[in-house]
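One structure below.
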Protein chains: 2
Amino acid sequence: MLSALEEAGLYIAKWAEQNSGGSLTDCPVRGVLDRISDKWSMLLVMTLADGPRRFNQIRREVPDISQKMLTQTLRDLQRDGLVARRVYDTKPPSVEYRLTPMGESIIVPFGHLIEWASENHRRITASRVEFDAA
Amino acid sequence: MLSALEEAGLYIAKWAEQNSGGSLTDCPVRGVLDRISDKWSMLLVMTLADGPRRFNQIRREVPDISQKMLTQTLRDLQRDGLVARRVYDTKPPSVEYRLTPMGESIIVPFGHLIEWASENHRRITASRVEFDAA
DNA sequence: CGGGATCCTAGTTGATACTG
DNA sequence: CAGTATCAACTAGGATCCCG
């Protein structure tokens with residue numbers, strides 16, 4: 001039972017222990033995780049995982065994102081070095097977004113999380129129903 | 001290069017293809033992911049990964065969470081079946097939170113993500129600095 | 001086509017005070 | 001100790017209009 005915990009590599013907890021006094025607040029990993037865990041970043045990364053996409057192409061594939069959040073999230077991902085933006089000087093202009101090598105590397109942990117979610121979302125839904133009954 | 005993508009198991013993308021018309025909007029995995037990706041859930045799960053904790057014990061370990069958000073996040077995690085709450089009838093009363101088996105199972109994908117973050121947060125920070133310079 | 005700039009709302013979070 | 005309740009602040013996000 002403990003093996004799963006050990007295997008997980010509890011970076012945050014370890015970090016807290018090693019930095020007595022600093023506690024969890026300053027953990028550098030939290031900054032990364034907070035960015036990743038916004039509403040759209042993960043979804044856009046997974047969309048681009050399938051290959052480069054143009055702006056309005058992404059909009060069509062993720063219909064419920066607003067243009068503002070698409071622009072903003074793509075820029076944030078670019079800023080973090082996960083996505084590369086390439087402008088083709090055609091008319092009308094076309095802009096292509098693709099994952100950088102680092103962006104592609106995050107697909108793996110994302111994939112694990114998605115796999116977990118697909119395996120457990122029924123259990124979670126059932127648990128919610130049961131909880132709300134009480 | 002494509003092997004990483006395949007290995008990731010692109011559940012969301014596959015789901016969209018299989019459900020033509022519904023697109024990504026209704027993907028059941030997204031509901032799970034949205035819940036998990038709030039500000040505190042992941043951090044609390046990782047805190048409880050180390051073993052059961054009492055309410056104020058968690059507060060001390062995660063100093064920058066407000067009592068309101070701690071209560072709320074713990075209740076949400078309990079509702080989703082990731083955390084079990086056990087009340088000991090002492091005085092003053094003590095309440096213990098521990099991960100359920102499902103809660104423990106999510107540590108593994110979380111661990112992968114944390115590992116990724118710990119490996120890349122320097123690169124990300126550097127990328128941000130470079131981006132902001134322009 | 002690929003955005004930028006505004007305005008505005010709704011949900012999230014924190015601070016504070018109180019309770020069994 | 002382990003919460004609840006209330007209020008205030010903040011901000012993520014959407015709607016709309018505009019532009020090169």
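Here's how to read the names in the structure tokens: chain A, B, ... by the order shown, residue numbers from 1 in each chain, ligand numbers from 1 in the order shown.
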Problem set entry | Residue list for chain A near chain C as a list of chain:residue names, 10 Å, only C-alpha atoms (C1' of nucleotides) | A:Arg54, A:Phe55, A:Asn56, A:Gln67, A:Lys68, A:Thr71, A:Thr90, A:Lys91, A:Pro92, A:Pro93, A:Ser94, A:Val95
Can you list every residue of chain D that has an atom at most 9 Å from chain B, with its nearest atom pair and the distance in Å to one decimal, using only C-alpha atoms (C1' of nucleotides), ordered by chain then number, as CSV?
residue,atom,partner,partner_atom,distance
D:DC1,C1',B:Pro92,CA,5.5
D:DA2,C1',B:Phe55,CA,6.8
D:DG3,C1',B:Thr71,CA,7.8
Please tabulate, as JSON lines, the residues of chain B that come within 6 Å of chain A, each with its closest pair of atoms and the distance in Å to one decimal, counting only C-alpha atoms and ordering rows by chain, then residue number upward.
{"residue": "B:Ala8", "atom": "CA", "partner": "A:Gly111", "partner_atom": "CA", "distance": 4.4}
{"residue": "B:Gly9", "atom": "CA", "partner": "A:Gly111", "partner_atom": "CA", "distance": 5.8}
{"residue": "B:Val29", "atom": "CA", "partner": "A:Ala117", "partner_atom": "CA", "distance": 5.6}
{"residue": "B:Ser37", "atom": "CA", "partner": "A:Ser37", "partner_atom": "CA", "distance": 4.7}
{"residue": "B:Arg79", "atom": "CA", "partner": "A:Arg128", "partner_atom": "CA", "distance": 5.2}
{"residue": "B:Asp80", "atom": "CA", "partner": "A:Ile124", "partner_atom": "CA", "distance": 5.0}
{"residue": "B:Gly81", "atom": "CA", "partner": "A:Ser127", "partner_atom": "CA", "distance": 5.5}
{"residue": "B:Val108", "atom": "CA", "partner": "A:Ala8", "partner_atom": "CA", "distance": 4.9}
{"residue": "B:Pro109", "atom": "CA", "partner": "A:Leu113", "partner_atom": "CA", "distance": 5.1}
{"residue": "B:Gly111", "atom": "CA", "partner": "A:Ala8", "partner_atom": "CA", "distance": 4.4}
{"residue": "B:His112", "atom": "CA", "partner": "A:Pro109", "partner_atom": "CA", "distance": 5.3}
{"residue": "B:Leu113", "atom": "CA", "partner": "A:Pro109", "partner_atom": "CA", "distance": 5.1}
{"residue": "B:Ala117", "atom": "CA", "partner": "A:Val29", "partner_atom": "CA", "distance": 5.6}
{"residue": "B:Ser118", "atom": "CA", "partner": "A:Val29", "partner_atom": "CA", "distance": 5.7}
{"residue": "B:Ile124", "atom": "CA", "partner": "A:Asp80", "partner_atom": "CA", "distance": 5.0}
{"residue": "B:Ser127", "atom": "CA", "partner": "A:Asp80", "partner_atom": "CA", "distance": 5.5}
{"residue": "B:Arg128", "atom": "CA", "partner": "A:Arg79", "partner_atom": "CA", "distance": 5.2}
{"residue": "B:Phe131", "atom": "CA", "partner": "A:Arg79", "partner_atom": "CA", "distance": 5.6}
